[in-house]
file structure.pdb (PDB, C-alpha atoms, pLDDT in the B column)
ATOM      1  CA  ARG A  23      -2.898  30.877 -12.944  1.00 67.00           C
ATOM      2  CA  ALA A  24       0.139  30.713 -10.703  1.00 73.00           C
ATOM      3  CA  PRO A  25       2.317  27.630 -11.312  1.00 80.00           C
ATOM      4  CA  LEU A  26       2.056  24.779  -8.841  1.00 84.00           C
ATOM      5  CA  GLY A  27       5.010  23.883  -6.686  1.00 86.00           C
ATOM      6  CA  ARG A  28       5.516  20.544  -8.443  1.00 90.00           C
ATOM      7  CA  GLU A  29       5.608  22.326 -11.800  1.00 90.00           C
ATOM      8  CA  LEU A  30       8.309  24.685 -10.589  1.00 92.00           C
ATOM      9  CA  LEU A  31      10.383  21.817  -9.191  1.00 94.00           C
ATOM     10  CA  GLU A  32      10.455  20.226 -12.634  1.00 93.00           C
ATOM     11  CA  HIS A  33      12.679  23.156 -13.697  1.00 93.00           C
ATOM     12  CA  TYR A  34      14.221  24.616 -10.530  1.00 94.00           C
ATOM     13  CA  THR A  35      15.754  23.327  -7.328  1.00 96.00           C
ATOM     14  CA  LEU A  36      14.018  23.911  -4.016  1.00 96.00           C
ATOM     15  CA  GLU A  37      16.857  26.205  -2.917  1.00 96.00           C
ATOM     16  CA  GLN A  38      16.599  28.321  -6.073  1.00 96.00           C
ATOM     17  CA  MET A  39      12.907  28.858  -5.479  1.00 94.00           C
ATOM     18  CA  ARG A  40      13.294  29.606  -1.777  1.00 94.00           C
ATOM     19  CA  MET A  41      15.994  32.206  -2.402  1.00 95.00           C
ATOM     20  CA  HIS A  42      13.987  33.760  -5.231  1.00 93.00           C
ATOM     21  CA  TYR A  43      10.852  33.987  -3.088  1.00 89.00           C
ATOM     22  CA  LEU A  44      12.892  35.556  -0.297  1.00 91.00           C
ATOM     23  CA  ALA A  45      14.396  38.231  -2.536  1.00 90.00           C
ATOM     24  CA  LYS A  46      11.060  39.030  -4.160  1.00 85.00           C
ATOM     25  CA  ASN A  47       9.251  39.122  -0.811  1.00 77.00           C
ATOM     26  CA  LEU A  48       6.418  37.355  -2.608  1.00 61.00           C
ATOM     27  CA  GLY A  49       4.424  36.735   0.545  1.00 58.00           C
ATOM     28  CA  ASP A  50       4.100  40.441   1.244  1.00 62.00           C
ATOM     29  CA  THR A  51       4.154  42.199  -2.123  1.00 61.00           C
ATOM     30  CA  ASN A  52       2.686  41.966  -5.626  1.00 64.00           C
ATOM     31  CA  SER A  53       6.066  41.459  -7.284  1.00 68.00           C
ATOM     32  CA  ASN A  54       6.057  40.006 -10.762  1.00 75.00           C
ATOM     33  CA  PHE A  55       6.831  36.273 -10.767  1.00 79.00           C
ATOM     34  CA  SER A  56       7.899  35.121 -14.213  1.00 81.00           C
ATOM     35  CA  PRO A  57      10.263  32.145 -14.238  1.00 86.00           C
ATOM     36  CA  LYS A  58      11.659  31.704 -17.718  1.00 89.00           C
ATOM     37  CA  ALA A  59      10.989  27.958 -17.819  1.00 89.00           C
ATOM     38  CA  LEU A  60       7.234  28.587 -17.555  1.00 85.00           C
ATOM     39  CA  ASN A  61       7.074  31.726 -19.682  1.00 86.00           C
ATOM     40  CA  PRO A  62       5.876  30.855 -23.200  1.00 81.00           C
ATOM     41  CA  ASN A  63       7.069  34.242 -24.474  1.00 85.00           C
ATOM     42  CA  ALA A  64      10.634  33.859 -23.232  1.00 87.00           C
ATOM     43  CA  LYS A  65      13.378  33.763 -25.837  1.00 88.00           C
ATOM     44  CA  PRO A  66      16.330  31.351 -25.576  1.00 86.00           C
ATOM     45  CA  GLU A  67      18.751  34.227 -25.062  1.00 88.00           C
ATOM     46  CA  ASP A  68      16.707  35.799 -22.243  1.00 90.00           C
ATOM     47  CA  ASP A  69      18.054  35.623 -18.696  1.00 90.00           C
ATOM     48  CA  ASP A  70      15.989  33.659 -16.200  1.00 90.00           C
ATOM     49  CA  PRO A  71      14.985  35.952 -13.316  1.00 88.00           C
ATOM     50  CA  ALA A  72      14.231  32.929 -11.122  1.00 90.00           C
ATOM     51  CA  VAL A  73      17.832  31.686 -10.847  1.00 93.00           C
ATOM     52  CA  LYS A  74      19.738  34.838  -9.963  1.00 91.00           C
ATOM     53  CA  GLU A  75      19.355  34.560  -6.192  1.00 94.00           C
ATOM     54  CA  GLY A  76      20.099  30.834  -6.108  1.00 95.00           C
ATOM     55  CA  ASN A  77      23.381  31.581  -7.850  1.00 95.00           C
ATOM     56  CA  LEU A  78      24.553  33.190  -4.629  1.00 97.00           C
ATOM     57  CA  LEU A  79      24.571  29.714  -3.086  1.00 97.00           C
ATOM     58  CA  ILE A  80      25.900  27.921  -6.153  1.00 97.00           C
ATOM     59  CA  ASN A  81      28.655  30.362  -7.055  1.00 96.00           C
ATOM     60  CA  ILE A  82      29.616  31.932  -3.725  1.00 97.00           C
ATOM     61  CA  TYR A  83      28.654  29.709  -0.769  1.00 98.00           C
ATOM     62  CA  ASN A  84      29.819  26.533  -2.504  1.00 97.00           C
ATOM     63  CA  ARG A  85      33.134  28.233  -3.261  1.00 97.00           C
ATOM     64  CA  ILE A  86      33.599  29.386   0.333  1.00 98.00           C
ATOM     65  CA  LEU A  87      32.966  25.894   1.690  1.00 98.00           C
ATOM     66  CA  ARG A  88      35.313  24.267  -0.835  1.00 97.00           C
ATOM     67  CA  LYS A  89      38.128  26.726  -0.127  1.00 97.00           C
ATOM     68  CA  PHE A  90      37.669  26.227   3.604  1.00 97.00           C
ATOM     69  CA  SER A  91      37.764  22.440   3.254  1.00 97.00           C
ATOM     70  CA  PHE A  92      40.903  22.533   1.093  1.00 97.00           C
ATOM     71  CA  ALA A  93      42.649  24.860   3.542  1.00 96.00           C
ATOM     72  CA  CYS A  94      41.790  22.676   6.539  1.00 96.00           C
ATOM     73  CA  VAL A  95      42.973  19.496   4.823  1.00 96.00           C
ATOM     74  CA  ASP A  96      46.061  20.916   3.109  1.00 95.00           C
ATOM     75  CA  TYR A  97      47.461  23.056   5.921  1.00 93.00           C
ATOM     76  CA  PHE A  98      45.963  21.854   9.226  1.00 93.00           C
ATOM     77  CA  ASP A  99      45.715  18.057   8.945  1.00 94.00           C
ATOM     78  CA  ALA A 100      41.970  18.339   8.216  1.00 95.00           C
ATOM     79  CA  PHE A 101      41.093  19.401  11.762  1.00 94.00           C
ATOM     80  CA  MET A 102      38.445  22.033  12.358  1.00 93.00           C
ATOM     81  CA  PRO A 103      40.351  25.168  13.431  1.00 93.00           C
ATOM     82  CA  LEU A 104      39.201  26.006  16.954  1.00 95.00           C
ATOM     83  CA  GLY A 105      39.863  29.225  18.825  1.00 96.00           C
ATOM     84  CA  GLU A 106      38.542  32.726  19.344  1.00 97.00           C
ATOM     85  CA  ALA A 107      37.661  34.687  16.230  1.00 98.00           C
ATOM     86  CA  SER A 108      39.293  38.057  15.674  1.00 98.00           C
ATOM     87  CA  ASP A 109      37.557  41.338  16.416  1.00 98.00           C
ATOM     88  CA  LYS A 110      37.413  41.998  12.674  1.00 97.00           C
ATOM     89  CA  ALA A 111      35.610  38.727  11.938  1.00 98.00           C
ATOM     90  CA  LYS A 112      33.208  39.278  14.826  1.00 98.00           C
ATOM     91  CA  GLU A 113      32.409  42.772  13.598  1.00 98.00           C
ATOM     92  CA  ILE A 114      31.613  41.451  10.096  1.00 98.00           C
ATOM     93  CA  ALA A 115      29.296  38.835  11.584  1.00 98.00           C
ATOM     94  CA  LYS A 116      27.732  41.161  14.166  1.00 98.00           C
ATOM     95  CA  ASP A 117      26.668  43.647  11.522  1.00 98.00           C
ATOM     96  CA  ALA A 118      24.972  40.899   9.487  1.00 98.00           C
ATOM     97  CA  ILE A 119      23.368  39.272  12.534  1.00 98.00           C
ATOM     98  CA  LEU A 120      21.810  42.444  13.929  1.00 98.00           C
ATOM     99  CA  ASN A 121      20.556  43.627  10.536  1.00 98.00           C
ATOM    100  CA  TYR A 122      19.135  40.160   9.827  1.00 98.00           C
ATOM    101  CA  GLU A 123      17.392  40.020  13.201  1.00 97.00           C
ATOM    102  CA  ASP A 124      15.814  43.434  12.711  1.00 97.00           C
ATOM    103  CA  ARG A 125      14.592  42.691   9.189  1.00 95.00           C
ATOM    104  CA  MET A 126      13.261  39.278  10.178  1.00 94.00           C
ATOM    105  CA  TYR A 127      11.298  40.900  13.008  1.00 94.00           C
ATOM    106  CA  THR A 128       9.741  43.413  10.590  1.00 91.00           C
ATOM    107  CA  TYR A 129       9.168  40.842   7.796  1.00 88.00           C
ATOM    108  CA  LYS A 130      11.457  42.664   5.350  1.00 89.00           C
ATOM    109  CA  PHE A 131      12.507  39.428   3.709  1.00 89.00           C
ATOM    110  CA  HIS A 132      13.824  41.000   0.510  1.00 90.00           C
ATOM    111  CA  ILE A 133      16.303  42.979   2.602  1.00 94.00           C
ATOM    112  CA  ILE A 134      17.351  39.770   4.350  1.00 96.00           C
ATOM    113  CA  TYR A 135      18.411  38.446   0.962  1.00 95.00           C
ATOM    114  CA  ASN A 136      20.572  41.539   0.449  1.00 96.00           C
ATOM    115  CA  ILE A 137      22.117  41.058   3.893  1.00 98.00           C
ATOM    116  CA  LEU A 138      22.964  37.437   3.079  1.00 98.00           C
ATOM    117  CA  ASP A 139      24.354  38.427  -0.296  1.00 97.00           C
ATOM    118  CA  ASN A 140      26.654  41.036   1.231  1.00 98.00           C
ATOM    119  CA  TYR A 141      27.674  38.753   4.082  1.00 98.00           C
ATOM    120  CA  LEU A 142      28.599  35.749   1.932  1.00 98.00           C
ATOM    121  CA  ARG A 143      30.572  37.970  -0.417  1.00 98.00           C
ATOM    122  CA  SER A 144      32.367  39.448   2.596  1.00 98.00           C
ATOM    123  CA  ILE A 145      33.388  35.951   3.721  1.00 98.00           C
ATOM    124  CA  ASN A 146      34.716  35.155   0.265  1.00 98.00           C
ATOM    125  CA  LYS A 147      36.622  38.436   0.214  1.00 98.00           C
ATOM    126  CA  TYR A 148      38.024  37.712   3.672  1.00 98.00           C
ATOM    127  CA  TYR A 149      39.386  34.385   2.460  1.00 97.00           C
ATOM    128  CA  GLU A 150      41.022  35.940  -0.584  1.00 97.00           C
ATOM    129  CA  SER A 151      42.588  38.684   1.548  1.00 97.00           C
ATOM    130  CA  ASN A 152      44.075  36.104   3.941  1.00 97.00           C
ATOM    131  CA  LYS A 153      44.880  33.299   1.511  1.00 96.00           C
ATOM    132  CA  ASN A 154      48.635  33.818   1.707  1.00 97.00           C
ATOM    133  CA  LEU A 155      48.601  33.761   5.502  1.00 97.00           C
ATOM    134  CA  ILE A 156      46.619  30.515   5.524  1.00 95.00           C
ATOM    135  CA  GLU A 157      48.999  28.896   3.034  1.00 94.00           C
ATOM    136  CA  ALA A 158      51.921  29.996   5.224  1.00 95.00           C
ATOM    137  CA  GLY A 159      50.431  28.063   8.139  1.00 92.00           C
ATOM    138  CA  ASP A 160      48.704  30.873  10.025  1.00 96.00           C
ATOM    139  CA  LYS A 161      45.722  29.321  11.791  1.00 96.00           C
ATOM    140  CA  ALA A 162      44.058  32.575  12.868  1.00 97.00           C
ATOM    141  CA  PRO A 163      42.384  33.445   9.527  1.00 97.00           C
ATOM    142  CA  LEU A 164      40.994  29.922   9.311  1.00 97.00           C
ATOM    143  CA  VAL A 165      39.524  30.229  12.815  1.00 97.00           C
ATOM    144  CA  ASP A 166      37.840  33.402  11.584  1.00 98.00           C
ATOM    145  CA  LEU A 167      36.491  31.614   8.522  1.00 98.00           C
ATOM    146  CA  ALA A 168      35.078  28.794  10.641  1.00 98.00           C
ATOM    147  CA  TYR A 169      33.299  31.392  12.769  1.00 98.00           C
ATOM    148  CA  LEU A 170      31.962  33.339   9.773  1.00 98.00           C
ATOM    149  CA  ILE A 171      30.768  30.193   7.991  1.00 98.00           C
ATOM    150  CA  ARG A 172      28.964  28.868  11.072  1.00 98.00           C
ATOM    151  CA  VAL A 173      27.135  32.203  11.406  1.00 98.00           C
ATOM    152  CA  ALA A 174      26.224  32.094   7.699  1.00 98.00           C
ATOM    153  CA  ASN A 175      24.784  28.629   8.100  1.00 98.00           C
ATOM    154  CA  THR A 176      22.648  29.688  11.049  1.00 98.00           C
ATOM    155  CA  LEU A 177      21.325  32.702   9.144  1.00 98.00           C
ATOM    156  CA  LEU A 178      20.458  30.511   6.160  1.00 98.00           C
ATOM    157  CA  TYR A 179      18.783  27.786   8.208  1.00 98.00           C
ATOM    158  CA  PRO A 180      15.223  29.263   8.235  1.00 96.00           C
ATOM    159  CA  ILE A 181      15.396  29.633   4.453  1.00 96.00           C
ATOM    160  CA  ILE A 182      17.102  26.429   3.300  1.00 97.00           C
ATOM    161  CA  PRO A 183      16.922  24.111   6.340  1.00 97.00           C
ATOM    162  CA  SER A 184      17.790  20.771   4.729  1.00 97.00           C
ATOM    163  CA  LYS A 185      20.909  22.037   2.944  1.00 98.00           C
ATOM    164  CA  SER A 186      21.977  23.999   6.006  1.00 98.00           C
ATOM    165  CA  GLN A 187      21.746  20.773   8.007  1.00 98.00           C
ATOM    166  CA  GLU A 188      23.895  18.972   5.421  1.00 97.00           C
ATOM    167  CA  ILE A 189      26.528  21.681   5.788  1.00 98.00           C
ATOM    168  CA  ALA A 190      26.265  21.520   9.589  1.00 98.00           C
ATOM    169  CA  ASP A 191      26.912  17.766   9.422  1.00 97.00           C
ATOM    170  CA  PHE A 192      29.921  18.370   7.176  1.00 97.00           C
ATOM    171  CA  LEU A 193      31.271  20.933   9.661  1.00 97.00           C
ATOM    172  CA  GLY A 194      30.517  18.660  12.613  1.00 97.00           C
ATOM    173  CA  LEU A 195      28.257  21.165  14.342  1.00 97.00           C
ATOM    174  CA  ASN A 196      26.265  20.054  17.370  1.00 97.00           C
ATOM    175  CA  GLU A 197      22.618  20.913  17.962  1.00 97.00           C
ATOM    176  CA  LYS A 198      23.420  24.373  19.359  1.00 98.00           C
ATOM    177  CA  TRP A 199      24.134  25.789  15.896  1.00 97.00           C
ATOM    178  CA  THR A 200      20.436  26.399  15.160  1.00 97.00           C
ATOM    179  CA  SER A 201      19.830  28.313  18.405  1.00 97.00           C
ATOM    180  CA  TRP A 202      19.899  32.103  18.427  1.00 97.00           C
ATOM    181  CA  ASP A 203      21.092  31.881  22.055  1.00 98.00           C
ATOM    182  CA  TYR A 204      24.562  30.995  20.752  1.00 98.00           C
ATOM    183  CA  ILE A 205      24.641  33.120  17.604  1.00 98.00           C
ATOM    184  CA  PHE A 206      27.717  35.129  18.708  1.00 98.00           C
ATOM    185  CA  ASP A 207      29.665  32.168  20.132  1.00 98.00           C
ATOM    186  CA  ASP A 208      33.010  31.016  18.794  1.00 98.00           C
ATOM    187  CA  ILE A 209      33.267  27.793  16.821  1.00 97.00           C
ATOM    188  CA  GLY A 210      34.365  25.778  19.882  1.00 96.00           C
ATOM    189  CA  THR A 211      30.806  25.932  21.233  1.00 97.00           C
ATOM    190  CA  PHE A 212      29.633  23.852  18.295  1.00 98.00           C
ATOM    191  CA  VAL A 213      32.431  21.453  17.324  1.00 96.00           C
ATOM    192  CA  SER A 214      34.480  18.828  19.151  1.00 91.00           C
ATOM    193  CA  SER A 215      38.258  19.185  19.027  1.00 88.00           C
ATOM    194  CA  ASP A 216      38.735  15.903  17.164  1.00 90.00           C
ATOM    195  CA  HIS A 217      36.371  16.654  14.249  1.00 93.00           C
ATOM    196  CA  LYS A 218      38.042  16.414  10.864  1.00 94.00           C
ATOM    197  CA  ILE A 219      36.964  18.209   7.696  1.00 95.00           C
ATOM    198  CA  GLU A 220      36.515  16.290   4.469  1.00 95.00           C
ATOM    199  CA  LYS A 221      37.998  17.821   1.328  1.00 96.00           C
ATOM    200  CA  LEU A 222      35.138  18.831  -0.980  1.00 97.00           C
ATOM    201  CA  ILE A 223      36.279  17.666  -4.397  1.00 94.00           C
ATOM    202  CA  ASP A 224      32.989  18.355  -6.192  1.00 93.00           C
ATOM    203  CA  GLU A 225      32.987  21.879  -7.630  1.00 91.00           C
ATOM    204  CA  ASN A 226      29.391  22.348  -6.433  1.00 92.00           C
ATOM    205  CA  PRO A 227      29.276  20.211  -3.287  1.00 93.00           C
ATOM    206  CA  PHE A 228      26.004  21.377  -1.750  1.00 97.00           C
ATOM    207  CA  PHE A 229      24.164  23.573  -4.229  1.00 97.00           C
ATOM    208  CA  LYS A 230      23.645  22.702  -7.896  1.00 95.00           C
ATOM    209  CA  LYS A 231      21.648  23.907 -10.832  1.00 95.00           C
ATOM    210  CA  HIS A 232      18.569  21.948 -11.790  1.00 95.00           C
ATOM    211  CA  PRO A 233      19.452  19.335 -14.467  1.00 94.00           C
ATOM    212  CA  THR A 234      17.248  21.168 -16.971  1.00 93.00           C
ATOM    213  CA  GLN A 235      19.473  24.237 -16.643  1.00 92.00           C
ATOM    214  CA  GLU A 236      22.684  22.490 -17.651  1.00 81.00           C
TER     215      GLU A 236
END

call {"tool": "encode", "arguments": {"input": "structure.pdb", "output": "structure tokens"}}
result
Amino acid sequence: RAPLGRELLEHYTLEQMRMHYLAKNLGDTNSNFSPKALNPNAKPEDDDPAVKEGNLLINIYNRILRKFSFACVDYFDAFMPLGEASDKAKEIAKDAILNYEDRMYTYKFHIIYNILDNYLRSINKYYESNKNLIEAGDKAPLVDLAYLIRVANTLLYPIIPSKSQEIADFLGLNEKWTSWDYIFDDIGTFVSSDHKIEKLIDENPFFKKHPTQE
């Protein structure tokens, strides 16, 4: 029989399962579902297929949010960087948004995971490419990052709503951030000018492995 939800949550976080289901498109296909924790034939050295997709949040999205928080605090007095995003940042986001919208409309959820994977990695790459400018006091790349992160959070909201809301609270986003009507708007639509960003000291501030995986 298929494992019950409560059985899965004894070994995996809710976000790990949601991302895995998304990538496997389990609601629309007959994909094999074999989490290692519930596979009696699994060997200790075997990889767990159920954690791969959640690692995108743990290893990449956590890192993006931490780097952004450190940059805001260390170089811009912790204020959220407001302004108009560059054409380059908007093009990165636009490509992800339109592909996401199309695949959501056609229920191609496994492709949505790939879109999110590529998009989050693009944000991380954008930070690394502009790190020196940020450290030199250039606000523009940080405005771009704020824009890209807000878009990422909106795209992730239907999949991991509670964690996306936690991140929205951290960023100081108002209620408009969940609305597709404002998906292309700059960060100023969503944040007041006096909002300050807290430095995220925890290495994994929002997404963690299940305790049984440590």

call {"tool": "atom_distance", "arguments": {"input": "structure.pdb", "atom1": "CA of Pro57 in chain A", "atom2": "CA of Glu188 in chain A"}}
result
27.3 Å

call {"tool": "residues_around", "arguments": {"input": "structure.pdb", "residues": "Pro227 in chain A", "least_positions_apart": "4", "cutoff": "8 Å", "atoms": "all atoms listed in the file", "output": "number ranges by chain"}}
result
A: 84, 88, 222-223

call {"tool": "atom_distance", "arguments": {"input": "structure.pdb", "atom1": "CA of Asn63 in chain A", "atom2": "CA of Leu78 in chain A"}}
result
26.5 Å

call {"tool": "closest_residue", "arguments": {"input": "structure.pdb", "among": "A:Arg143, A:Lys110, A:Arg172, A:His42", "to": "Phe131 in chain A", "atoms": "all atoms listed in the file"}}
result
A:His42

call {"tool": "residues_around", "arguments": {"input": "structure.pdb", "residues": "range 134-139 of chain A", "least_positions_apart": "6", "cutoff": "7 Å", "atoms": "all atoms listed in the file", "output": "list in words"}}
result
Leu44, Ala45, Leu78, Ala118, Tyr122 and Arg125 of chain A

call {"tool": "write_last_selection", "arguments": {"input": "structure.pdb", "atoms": "C-alpha atoms", "output": "PDB file, in the coordinates of the input"}}
result
ATOM      1  CA  LEU A  44      12.892  35.556  -0.297  1.00 91.00           C
ATOM      2  CA  ALA A  45      14.396  38.231  -2.536  1.00 90.00           C
ATOM      3  CA  LEU A  78      24.553  33.190  -4.629  1.00 97.00           C
ATOM      4  CA  ALA A 118      24.972  40.899   9.487  1.00 98.00           C
ATOM      5  CA  TYR A 122      19.135  40.160   9.827  1.00 98.00           C
ATOM      6  CA  ARG A 125      14.592  42.691   9.189  1.00 95.00           C
TER       7      ARG A 125
END

call {"tool": "closest_residue", "arguments": {"input": "structure.pdb", "among": "A:Tyr34, A:Leu178, A:Ile133, A:Asp96", "to": "Glu236 in chain A", "atoms": "all atoms listed in the file"}}
result
A:Tyr34

call {"tool": "build_atoms", "arguments": {"input": "structure.pdb", "residues": "range 33-47 of chain A", "atoms": "N, CA and C atoms", "output": "compact mmCIF listing (two decimals), in the coordinates of the input"}}
result
# COMPACT_ATOMS: atom_id res chain seq x y z
N HIS A 33 11.74 22.28 -12.99
CA HIS A 33 12.68 23.16 -13.70
C HIS A 33 13.69 23.85 -12.78
N TYR A 34 13.38 23.89 -11.48
CA TYR A 34 14.22 24.62 -10.53
C TYR A 34 14.43 23.77 -9.27
N THR A 35 15.55 24.01 -8.60
CA THR A 35 15.75 23.33 -7.33
C THR A 35 14.96 24.04 -6.23
N LEU A 36 14.74 23.33 -5.15
CA LEU A 36 14.02 23.91 -4.02
C LEU A 36 14.75 25.14 -3.49
N GLU A 37 16.08 25.09 -3.44
CA GLU A 37 16.86 26.20 -2.92
C GLU A 37 16.78 27.42 -3.84
N GLN A 38 16.76 27.20 -5.14
CA GLN A 38 16.60 28.32 -6.07
C GLN A 38 15.27 29.03 -5.85
N MET A 39 14.22 28.26 -5.68
CA MET A 39 12.91 28.86 -5.48
C MET A 39 12.81 29.58 -4.14
N ARG A 40 13.36 28.98 -3.09
CA ARG A 40 13.29 29.61 -1.78
C ARG A 40 14.05 30.94 -1.75
N MET A 41 15.22 30.97 -2.37
CA MET A 41 15.99 32.21 -2.40
C MET A 41 15.31 33.26 -3.27
N HIS A 42 14.69 32.82 -4.36
CA HIS A 42 13.99 33.76 -5.23
C HIS A 42 12.77 34.35 -4.52
N TYR A 43 12.01 33.50 -3.84
CA TYR A 43 10.85 33.99 -3.09
C TYR A 43 11.29 34.98 -2.01
N LEU A 44 12.39 34.68 -1.34
CA LEU A 44 12.89 35.56 -0.30
C LEU A 44 13.22 36.93 -0.86
N ALA A 45 13.96 36.96 -1.96
CA ALA A 45 14.40 38.23 -2.54
C ALA A 45 13.23 39.04 -3.08
N LYS A 46 12.23 38.34 -3.60
CA LYS A 46 11.06 39.03 -4.16
C LYS A 46 10.05 39.43 -3.10
N ASN A 47 10.21 38.85 -1.89
CA ASN A 47 9.25 39.12 -0.81
C ASN A 47 7.83 38.82 -1.28
